[in-house]
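Right, one structure below, let's go through it.
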Amino acid sequence: MGDSITPQLSVIIPNWNGAPHLPGCLESLRAQTWRDFEIVVVDNASTDASLAVLARYPEVHVLPLERNRGFTGACNAGFAAARGALVLLLNNDTEADPRWLAEIAAAFEAHPDVGLIASKMLLFDRRDTFHTAGDFVTLDGLPHNRGVWERDEGQYDHPAYVFSACGGSAAYRRRMLEEIGLLDDDFFFSLEDVDLAWRAQLAGWRCLYVPSAVVYHKLKASGGGVTASFYDGRNRLWVLAKNYPADLWRAHWREVLGGVRHTGWAALKAWRGKEARATLRGMAAGVGGLPRMARKRRQIQAQRRVERAYLERLMSPPYEIALPPD
């Protein structure tokens with residue numbers, strides 16, 4: 001796909017035992033109106049029929065890994081192999097609207113200050129219901145999907161600056177990634193997209209939500225349960241330790257501690273459940289990794305170019321900033 005030697009867009013699909021989902025995802029990319037792109041599927045040592053399915057798509061560059069390197073490891077391997085100036089992550093359990101790539105390319109062209117783009121993600125089996133209209137972080141440091149479970153009634157049909165793009169359909173400017181770095185491999189899985197968005201925001205890059213770039217997602221088809229609970233519990237602490245700025249901390253430390261306490265207390269109350277115990281194990285592992293995150297923090301905070309007021313505005317209702325008038 002794409003007649004040029006170097007495509008403008010690269011779509012990276014991390015895959016682990018996703019054979020049932022791959023055909024729908026890849027067929028939706030075959031139907032794109034924008035043609036100047038490549039597809040890189042990074043296979044995390046799948047044990048199902050994934051490689052046999054991928055063999056039916058000769059346009060796809062398949063990058064098989066020798067072991068499961070997690071979502072972050074697969075995506076970073078894809079970043080390294082990709083050739084486009086714009087690099088997009090796409091979950092294997094999604095279906096992209098035919099104009100998805102065209103809308104993203106146009107938005108990057110129109111907004112040179114934008115380093116990452118969030119798509120309008122709707123549920124695969126309930127296409128009138130949101131998964132996310134861009135992600136946001138509240139002042140307590142906790143991440144959220146904007147609009148999750150809401151009926152799509154046009155309330156998010158306007159482009160706006162938001163905090164983060166969901167990694168299931170995130171688009172990045174390569175120039176930004178070269179400046180702030182790729183996904184943090186220590187995270188392995190979960191919240192790696194929010195961590196990257198923090199680094200982008202602190203360095204002065206904008207995240208734009210583009211409602212005309214639509215993706216349908218089979219929510220939790222490729223993750224969840226005990227595994228997600230462990231990494232969620234651990235990585236929430238690491239996102240805070242690396243990224244939450246000191247001046248924001250001084251102003252909102254009560255909210256931050258309250259958010260951590262609420263997460264831990266909710267897991268303790270439900271400790272008989274496997275997911276709750278996994279969350280507690282993850283939080284303990286997160287505390288153990290804080291010294292490593294502190295070392296990373298120094299470089300991240302040294303790259304900061306934005307004021308506290310901007311971050312507070314982005315992290316407060318309605319969790320968006322309007323675009324300037326034309």
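Going through the structure tokens in order, the chains are called A, B, and so on, while each chain numbers its residues from 1 and the ligands are numbered from 1 in the order shown.
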Using only C-alpha atoms, which protein or nucleic acid residues come within 8 Å of A:Gly167? Drop anything in the same chain fewer than 3 positions from it, and give the result as a PyMOL selection string. chain A and resi 89-91+170+192-193
Taking N, CA and C atoms for each residue, export the selection above as a compact mmCIF listing (two decimals), in the first residue's frame.
# COMPACT_ATOMS: atom_id res chain seq x y z
N LEU A 89 -0.53 3.65 16.11
CA LEU A 89 -0.76 2.38 16.78
C LEU A 89 -2.22 1.99 16.61
N LEU A 90 -2.45 0.71 16.35
CA LEU A 90 -3.82 0.23 16.18
C LEU A 90 -3.93 -1.15 16.79
N ASN A 91 -4.89 -1.32 17.70
CA ASN A 91 -5.13 -2.64 18.28
C ASN A 91 -5.59 -3.62 17.21
N ALA A 170 -3.77 5.33 18.61
CA ALA A 170 -3.03 6.59 18.78
C ALA A 170 -2.17 6.88 17.56
N GLU A 192 0.90 2.90 29.34
CA GLU A 192 2.08 3.36 28.61
C GLU A 192 1.72 4.54 27.69
N ASP A 193 0.47 4.56 27.22
CA ASP A 193 0.04 5.67 26.37
C ASP A 193 -0.10 6.96 27.17
Set the distance at 8 Å and use only C-alpha atoms: which residues neighbour stretch 228-243 of chain A once local chain neighbours fewer than 2 positions away are removed? I'd like the list as a PyMOL selection string. chain A and resi 141-142+187+189-191+194-195+198-199+223-226+245+260+275-276+278-287+289-290+293-294+296-297+300-301
Using N, CA and C atoms, can you export the residues from the last selection as a compact mmCIF listing (two decimals), in the first residue's frame?
# COMPACT_ATOMS: atom_id res chain seq x y z
N GLY A 141 -4.24 12.67 39.50
CA GLY A 141 -3.27 11.86 38.77
C GLY A 141 -3.83 10.63 38.12
N LEU A 142 -5.12 10.37 38.28
CA LEU A 142 -5.72 9.15 37.73
C LEU A 142 -6.17 9.36 36.28
N PHE A 187 7.02 -0.47 31.46
CA PHE A 187 5.58 -0.58 31.73
C PHE A 187 5.01 -1.89 31.23
N PHE A 189 2.76 -3.25 29.76
CA PHE A 189 1.35 -3.25 29.35
C PHE A 189 0.57 -2.35 30.31
N SER A 190 -0.27 -1.47 29.78
CA SER A 190 -1.17 -0.63 30.56
C SER A 190 -0.55 0.71 30.91
N LEU A 191 -1.27 1.78 30.55
CA LEU A 191 -0.94 3.17 30.88
C LEU A 191 0.33 3.68 30.22
N VAL A 194 -0.61 6.86 28.40
CA VAL A 194 -0.74 8.04 29.26
C VAL A 194 0.64 8.56 29.67
N ASP A 195 1.55 7.64 29.96
CA ASP A 195 2.92 8.03 30.30
C ASP A 195 3.57 8.80 29.16
N TRP A 198 2.02 12.28 28.94
CA TRP A 198 2.59 13.19 29.94
C TRP A 198 3.88 13.81 29.42
N ARG A 199 4.76 12.98 28.90
CA ARG A 199 6.04 13.50 28.39
C ARG A 199 5.82 14.48 27.24
N GLY A 223 -7.16 -7.95 26.17
CA GLY A 223 -6.54 -7.68 27.46
C GLY A 223 -7.59 -7.60 28.54
N GLY A 224 -7.15 -7.54 29.81
CA GLY A 224 -8.08 -7.43 30.91
C GLY A 224 -7.82 -8.48 31.97
N GLY A 225 -8.69 -8.52 32.97
CA GLY A 225 -8.59 -9.51 34.02
C GLY A 225 -7.44 -9.27 34.97
N VAL A 226 -6.89 -10.36 35.50
CA VAL A 226 -5.84 -10.30 36.51
C VAL A 226 -4.60 -9.59 35.98
N PRO A 245 4.33 16.93 37.93
CA PRO A 245 5.33 17.95 38.26
C PRO A 245 5.28 18.40 39.72
N VAL A 260 -4.56 7.70 45.26
CA VAL A 260 -3.79 6.47 45.54
C VAL A 260 -4.47 5.69 46.66
N GLU A 275 -8.75 -10.13 40.84
CA GLU A 275 -8.33 -8.86 40.27
C GLU A 275 -7.88 -7.89 41.36
N ALA A 276 -8.60 -7.88 42.49
CA ALA A 276 -8.23 -6.98 43.58
C ALA A 276 -6.87 -7.35 44.15
N ALA A 278 -4.52 -8.84 42.58
CA ALA A 278 -3.53 -8.49 41.56
C ALA A 278 -3.22 -6.99 41.60
N THR A 279 -4.25 -6.17 41.84
CA THR A 279 -4.01 -4.72 41.97
C THR A 279 -3.08 -4.43 43.13
N LEU A 280 -3.29 -5.09 44.27
CA LEU A 280 -2.44 -4.87 45.43
C LEU A 280 -1.00 -5.33 45.16
N ARG A 281 -0.86 -6.46 44.49
CA ARG A 281 0.50 -6.91 44.13
C ARG A 281 1.16 -5.91 43.21
N GLY A 282 0.36 -5.37 42.27
CA GLY A 282 0.91 -4.38 41.35
C GLY A 282 1.35 -3.12 42.08
N MET A 283 0.56 -2.67 43.04
CA MET A 283 0.93 -1.47 43.79
C MET A 283 2.21 -1.71 44.58
N ALA A 284 2.35 -2.90 45.16
CA ALA A 284 3.59 -3.22 45.88
C ALA A 284 4.79 -3.22 44.94
N ALA A 285 4.60 -3.80 43.76
CA ALA A 285 5.68 -3.79 42.77
C ALA A 285 5.99 -2.37 42.33
N GLY A 286 4.94 -1.54 42.24
CA GLY A 286 5.15 -0.14 41.86
C GLY A 286 6.01 0.60 42.86
N VAL A 287 5.76 0.38 44.15
CA VAL A 287 6.58 1.01 45.19
C VAL A 287 8.03 0.56 45.06
N GLY A 289 9.61 -0.19 42.45
CA GLY A 289 10.26 0.38 41.27
C GLY A 289 10.40 1.88 41.30
N LEU A 290 9.99 2.53 42.40
CA LEU A 290 10.02 4.00 42.45
C LEU A 290 11.42 4.59 42.28
N MET A 293 12.05 4.88 38.63
CA MET A 293 11.23 5.92 38.02
C MET A 293 11.76 7.31 38.39
N ALA A 294 12.29 7.46 39.59
CA ALA A 294 12.83 8.76 40.01
C ALA A 294 14.00 9.17 39.12
N LYS A 296 14.34 8.39 35.97
CA LYS A 296 13.77 8.82 34.70
C LYS A 296 13.11 10.20 34.83
N ARG A 297 12.57 10.46 36.01
CA ARG A 297 11.85 11.70 36.24
C ARG A 297 12.73 12.92 35.99
N ILE A 300 12.78 13.86 32.35
CA ILE A 300 11.45 14.29 31.88
C ILE A 300 11.15 15.71 32.34
N GLN A 301 11.36 15.98 33.61
CA GLN A 301 11.05 17.29 34.14
C GLN A 301 11.98 18.36 33.57
For the structure I just gave you, how does DSSP split stretch 9-209 of chain A - specifically, which residues are strand (DSSP E or B)? Reply as an NGL selection string. :A and (9-15 or 37-43 or 60-64 or 86-89 or 94-96 or 114-123 or 129-132 or 135-137 or 143-145 or 151 or 160-162 or 164 or 171-173 or 206-209)
Between atom CA of A:Pro58 and atom CA of A:Ser119, measure the distance and give it in Å to one decimal.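 Separating atom CA of A:Pro58 from atom CA of A:Ser119 is a distance of 27.0 Å.
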List as a VMD selection string the protein and nucleic acid residues near A:Ile39, meaning an atom at most 12 Å away when only C-alpha atoms are counted, but skip any in the same chain fewer than 4 places from it. chain A and resid 1 to 2 7 to 14 25 to 30 35 54 57 to 63 78 to 79 81 to 84 87 to 90 92 101
Please produce an output containing N, CA and C atoms for each residue in the selection, written as a compact mmCIF listing (two decimals), in the first residue's frame.
# COMPACT_ATOMS: atom_id res chain seq x y z
N MET A 1 0.84 -1.18 0.00
CA MET A 1 0.00 0.00 0.00
C MET A 1 0.88 1.23 0.00
N GLY A 2 0.53 2.18 -0.85
CA GLY A 2 1.39 3.35 -0.98
C GLY A 2 2.38 3.15 -2.09
N PRO A 7 6.59 5.62 2.79
CA PRO A 7 5.20 6.02 3.01
C PRO A 7 5.11 7.15 4.02
N GLN A 8 4.05 7.95 3.90
CA GLN A 8 3.87 9.04 4.85
C GLN A 8 3.39 8.53 6.20
N LEU A 9 2.57 7.48 6.20
CA LEU A 9 2.01 6.93 7.43
C LEU A 9 2.45 5.49 7.61
N SER A 10 2.71 5.12 8.85
CA SER A 10 2.98 3.73 9.21
C SER A 10 1.99 3.30 10.27
N VAL A 11 1.27 2.22 10.02
CA VAL A 11 0.32 1.68 10.99
C VAL A 11 0.96 0.46 11.63
N ILE A 12 1.12 0.52 12.95
CA ILE A 12 1.75 -0.57 13.70
C ILE A 12 0.67 -1.30 14.50
N ILE A 13 0.59 -2.60 14.31
CA ILE A 13 -0.40 -3.42 15.00
C ILE A 13 0.33 -4.43 15.87
N PRO A 14 0.33 -4.27 17.19
CA PRO A 14 0.89 -5.31 18.05
C PRO A 14 -0.07 -6.48 18.13
N CYS A 25 -9.55 -6.34 11.16
CA CYS A 25 -8.69 -5.16 11.27
C CYS A 25 -7.98 -4.88 9.95
N LEU A 26 -7.38 -5.89 9.36
CA LEU A 26 -6.61 -5.69 8.14
C LEU A 26 -7.50 -5.39 6.94
N GLU A 27 -8.69 -5.98 6.88
CA GLU A 27 -9.60 -5.65 5.79
C GLU A 27 -10.05 -4.19 5.87
N SER A 28 -10.22 -3.68 7.08
CA SER A 28 -10.59 -2.27 7.21
C SER A 28 -9.46 -1.36 6.74
N LEU A 29 -8.22 -1.78 6.89
CA LEU A 29 -7.10 -0.99 6.38
C LEU A 29 -7.01 -1.09 4.86
N ARG A 30 -7.36 -2.23 4.30
CA ARG A 30 -7.41 -2.35 2.84
C ARG A 30 -8.43 -1.40 2.24
N ARG A 35 -4.04 6.10 0.69
CA ARG A 35 -3.31 4.92 0.24
C ARG A 35 -1.82 4.95 0.55
N LEU A 54 -1.76 -13.92 8.80
CA LEU A 54 -1.00 -12.79 8.23
C LEU A 54 -0.41 -13.14 6.87
N TYR A 57 -2.02 -11.77 3.76
CA TYR A 57 -1.98 -10.33 3.51
C TYR A 57 -0.55 -9.94 3.12
N PRO A 58 -0.21 -10.12 1.84
CA PRO A 58 1.17 -9.88 1.40
C PRO A 58 1.62 -8.44 1.55
N GLU A 59 0.69 -7.50 1.67
CA GLU A 59 1.07 -6.10 1.83
C GLU A 59 1.56 -5.78 3.23
N VAL A 60 1.36 -6.71 4.16
CA VAL A 60 1.72 -6.48 5.56
C VAL A 60 3.16 -6.91 5.81
N HIS A 61 3.91 -6.02 6.44
CA HIS A 61 5.25 -6.38 6.91
C HIS A 61 5.11 -7.01 8.28
N VAL A 62 5.43 -8.29 8.39
CA VAL A 62 5.29 -9.03 9.65
C VAL A 62 6.64 -9.08 10.35
N LEU A 63 6.63 -8.65 11.60
CA LEU A 63 7.84 -8.65 12.41
C LEU A 63 7.63 -9.61 13.58
N GLY A 78 7.92 -2.04 16.49
CA GLY A 78 7.26 -1.50 15.30
C GLY A 78 7.71 -0.10 14.98
N PHE A 79 7.87 0.76 16.00
CA PHE A 79 8.38 2.11 15.77
C PHE A 79 9.73 2.06 15.08
N ALA A 81 10.93 -0.26 13.15
CA ALA A 81 10.84 -0.77 11.78
C ALA A 81 10.07 0.16 10.85
N ALA A 82 9.21 1.01 11.41
CA ALA A 82 8.34 1.87 10.60
C ALA A 82 9.15 2.94 9.88
N ARG A 83 8.65 3.37 8.71
CA ARG A 83 9.37 4.36 7.90
C ARG A 83 8.64 5.68 7.77
N GLY A 84 7.38 5.73 8.20
CA GLY A 84 6.58 6.92 7.98
C GLY A 84 6.93 8.08 8.90
N VAL A 87 3.31 7.98 12.70
CA VAL A 87 3.32 6.59 13.14
C VAL A 87 2.07 6.35 13.98
N LEU A 88 1.29 5.35 13.60
CA LEU A 88 0.00 5.10 14.24
C LEU A 88 0.00 3.72 14.89
N LEU A 89 -0.53 3.65 16.11
CA LEU A 89 -0.76 2.38 16.78
C LEU A 89 -2.22 1.99 16.61
N LEU A 90 -2.45 0.71 16.35
CA LEU A 90 -3.82 0.23 16.18
C LEU A 90 -3.93 -1.15 16.79
N ASN A 92 -5.26 -4.89 17.41
CA ASN A 92 -5.67 -5.90 16.43
C ASN A 92 -7.17 -6.19 16.48
N LEU A 101 -7.42 7.09 8.20
CA LEU A 101 -6.07 7.58 7.90
C LEU A 101 -6.11 8.95 7.23
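When only C-alpha atoms are used to measure the gap to A:Arg173, the shortest distance among A:Tyr244, A:Trp205, A:Trp16, A:Trp271 belongs to A:Trp205.
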Just the residues within 9 Å of A:Ala165, please, counting only C-alpha atoms, with nothing from its chain fewer than 4 positions along; format it as a ChimeraX atom specification. /A:116-119,132-136,169-171,193-194,197,207-209
Could the residues in this selection be saved with C-alpha atoms as a short mmCIF file (atom, residue, chain, number, x, y, z; two decimals), in the first residue's frame?
data_model
loop_
_atom_site.label_atom_id
_atom_site.label_comp_id
_atom_site.auth_asym_id
_atom_site.auth_seq_id
_atom_site.Cartn_x
_atom_site.Cartn_y
_atom_site.Cartn_z
CA LEU A 116 -0.30 13.14 18.89
CA ILE A 117 -3.87 12.56 17.75
CA ALA A 118 -6.72 10.81 19.53
CA SER A 119 -9.37 9.08 17.44
CA THR A 132 -13.11 7.07 24.34
CA ALA A 133 -13.14 10.55 22.86
CA GLY A 134 -9.54 11.07 23.86
CA ASP A 135 -8.18 10.28 27.32
CA PHE A 136 -7.73 12.66 30.24
CA SER A 169 -5.66 3.95 17.99
CA ALA A 170 -3.03 6.59 18.78
CA ALA A 171 -1.25 8.61 16.09
CA ASP A 193 0.04 5.67 26.37
CA VAL A 194 -0.74 8.04 29.26
CA ALA A 197 1.26 11.70 26.69
CA CYS A 207 -2.75 16.19 21.68
CA LEU A 208 -5.68 16.76 19.31
CA TYR A 209 -8.93 14.81 19.43
#
Write out as a ChimeraX atom specification the residues lying within 7 Å of A:Ala49, counting only C-alpha atoms and excluding same-chain residues fewer than 3 positions away. /A:19,52-53
Residues of stretch 125-275 of chain A classed as helix (DSSP H, G or I) by DSSP on the backbone are to be reported as a PyMOL selection string. chain A and resi 174-180+185-187+192-202+225-243+246-269+274-275
Using the selection just defined, write its residues with C-alpha atoms as a PDB file, in the first residue's frame.
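The resulting file, again01.pdb, is reproduced below:
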ATOM      1  CA  ARG A 174       7.798  10.863  14.469  1.00  0.00           C
ATOM      2  CA  ARG A 175       9.601  14.129  15.177  1.00  0.00           C
ATOM      3  CA  MET A 176       7.932  14.244  18.587  1.00  0.00           C
ATOM      4  CA  LEU A 177       8.908  10.656  19.393  1.00  0.00           C
ATOM      5  CA  GLU A 178      12.496  11.410  18.480  1.00  0.00           C
ATOM      6  CA  GLU A 179      12.417  14.251  21.008  1.00  0.00           C
ATOM      7  CA  ILE A 180      10.575  12.683  23.973  1.00  0.00           C
ATOM      8  CA  ASP A 185       9.431  -0.671  28.103  1.00  0.00           C
ATOM      9  CA  ASP A 186       9.372  -0.986  31.882  1.00  0.00           C
ATOM     10  CA  PHE A 187       5.582  -0.575  31.727  1.00  0.00           C
ATOM     11  CA  GLU A 192       2.079   3.362  28.611  1.00  0.00           C
ATOM     12  CA  ASP A 193       0.043   5.670  26.368  1.00  0.00           C
ATOM     13  CA  VAL A 194      -0.738   8.045  29.259  1.00  0.00           C
ATOM     14  CA  ASP A 195       2.919   8.029  30.300  1.00  0.00           C
ATOM     15  CA  LEU A 196       3.957   9.021  26.781  1.00  0.00           C
ATOM     16  CA  ALA A 197       1.263  11.702  26.690  1.00  0.00           C
ATOM     17  CA  TRP A 198       2.587  13.189  29.940  1.00  0.00           C
ATOM     18  CA  ARG A 199       6.040  13.497  28.388  1.00  0.00           C
ATOM     19  CA  ALA A 200       4.558  15.056  25.261  1.00  0.00           C
ATOM     20  CA  GLN A 201       2.445  17.559  27.193  1.00  0.00           C
ATOM     21  CA  LEU A 202       5.319  18.595  29.460  1.00  0.00           C
ATOM     22  CA  GLY A 225      -8.593  -9.509  34.021  1.00  0.00           C
ATOM     23  CA  VAL A 226      -5.837 -10.298  36.513  1.00  0.00           C
ATOM     24  CA  THR A 227      -3.034  -9.283  34.174  1.00  0.00           C
ATOM     25  CA  ALA A 228      -4.497  -5.842  33.527  1.00  0.00           C
ATOM     26  CA  SER A 229      -5.228  -5.343  37.236  1.00  0.00           C
ATOM     27  CA  PHE A 230      -1.601  -5.997  38.186  1.00  0.00           C
ATOM     28  CA  TYR A 231      -0.153  -3.655  35.600  1.00  0.00           C
ATOM     29  CA  ASP A 232      -2.790  -0.988  36.245  1.00  0.00           C
ATOM     30  CA  GLY A 233      -1.954  -1.017  39.960  1.00  0.00           C
ATOM     31  CA  ARG A 234       1.783  -0.823  39.339  1.00  0.00           C
ATOM     32  CA  ASN A 235       1.859   1.581  36.435  1.00  0.00           C
ATOM     33  CA  ARG A 236      -0.460   4.168  37.994  1.00  0.00           C
ATOM     34  CA  LEU A 237       2.222   4.758  40.619  1.00  0.00           C
ATOM     35  CA  TRP A 238       4.959   4.878  38.020  1.00  0.00           C
ATOM     36  CA  VAL A 239       3.114   7.418  35.859  1.00  0.00           C
ATOM     37  CA  LEU A 240       2.820   9.678  38.897  1.00  0.00           C
ATOM     38  CA  ALA A 241       6.418   9.181  39.996  1.00  0.00           C
ATOM     39  CA  LYS A 242       7.836   9.983  36.574  1.00  0.00           C
ATOM     40  CA  ASN A 243       5.616  12.748  35.349  1.00  0.00           C
ATOM     41  CA  ALA A 246       6.522  19.283  41.613  1.00  0.00           C
ATOM     42  CA  ASP A 247       4.539  22.537  41.439  1.00  0.00           C
ATOM     43  CA  LEU A 248       1.364  20.640  40.549  1.00  0.00           C
ATOM     44  CA  TRP A 249       2.092  18.244  43.397  1.00  0.00           C
ATOM     45  CA  ARG A 250       2.444  21.129  45.884  1.00  0.00           C
ATOM     46  CA  ALA A 251      -0.937  22.475  44.812  1.00  0.00           C
ATOM     47  CA  HIS A 252      -2.834  19.171  44.640  1.00  0.00           C
ATOM     48  CA  TRP A 253      -1.030  16.696  46.891  1.00  0.00           C
ATOM     49  CA  ARG A 254      -4.203  15.990  48.862  1.00  0.00           C
ATOM     50  CA  GLU A 255      -6.024  14.920  45.686  1.00  0.00           C
ATOM     51  CA  VAL A 256      -3.079  12.783  44.565  1.00  0.00           C
ATOM     52  CA  LEU A 257      -2.761  10.964  47.884  1.00  0.00           C
ATOM     53  CA  GLY A 258      -6.526  10.588  47.984  1.00  0.00           C
ATOM     54  CA  GLY A 259      -6.513   8.940  44.547  1.00  0.00           C
ATOM     55  CA  VAL A 260      -3.795   6.473  45.541  1.00  0.00           C
ATOM     56  CA  ARG A 261      -5.534   5.756  48.844  1.00  0.00           C
ATOM     57  CA  HIS A 262      -8.884   5.216  47.114  1.00  0.00           C
ATOM     58  CA  THR A 263      -7.375   2.723  44.655  1.00  0.00           C
ATOM     59  CA  GLY A 264      -5.641   0.759  47.394  1.00  0.00           C
ATOM     60  CA  TRP A 265      -8.630   0.814  49.755  1.00  0.00           C
ATOM     61  CA  ALA A 266     -11.019  -0.361  47.030  1.00  0.00           C
ATOM     62  CA  ALA A 267      -8.696  -3.289  46.293  1.00  0.00           C
ATOM     63  CA  LEU A 268      -8.351  -4.136  49.999  1.00  0.00           C
ATOM     64  CA  LYS A 269     -12.121  -4.193  50.468  1.00  0.00           C
ATOM     65  CA  LYS A 274      -8.353 -12.238  42.008  1.00  0.00           C
ATOM     66  CA  GLU A 275      -8.326  -8.857  40.270  1.00  0.00           C
TER      67      GLU A 275
END
Nearest residue to A:His131 out of A:Ala55, A:Leu219, A:Val210, A:Val114, using only C-alpha atoms?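 Under the stated criterion, the closest residue is A:Leu219.
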Under the rule that only C-alpha atoms are counted, which of A:Tyr161, A:Tyr216, A:Gly70, A:His111 is the nearest residue to A:Tyr310?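 Residue with the minimum atom-to-atom distance to A:Tyr310: A:Tyr161.
The space between atom CA of A:Asn68 and atom CA of A:Asn44 spans 4.4 Å.
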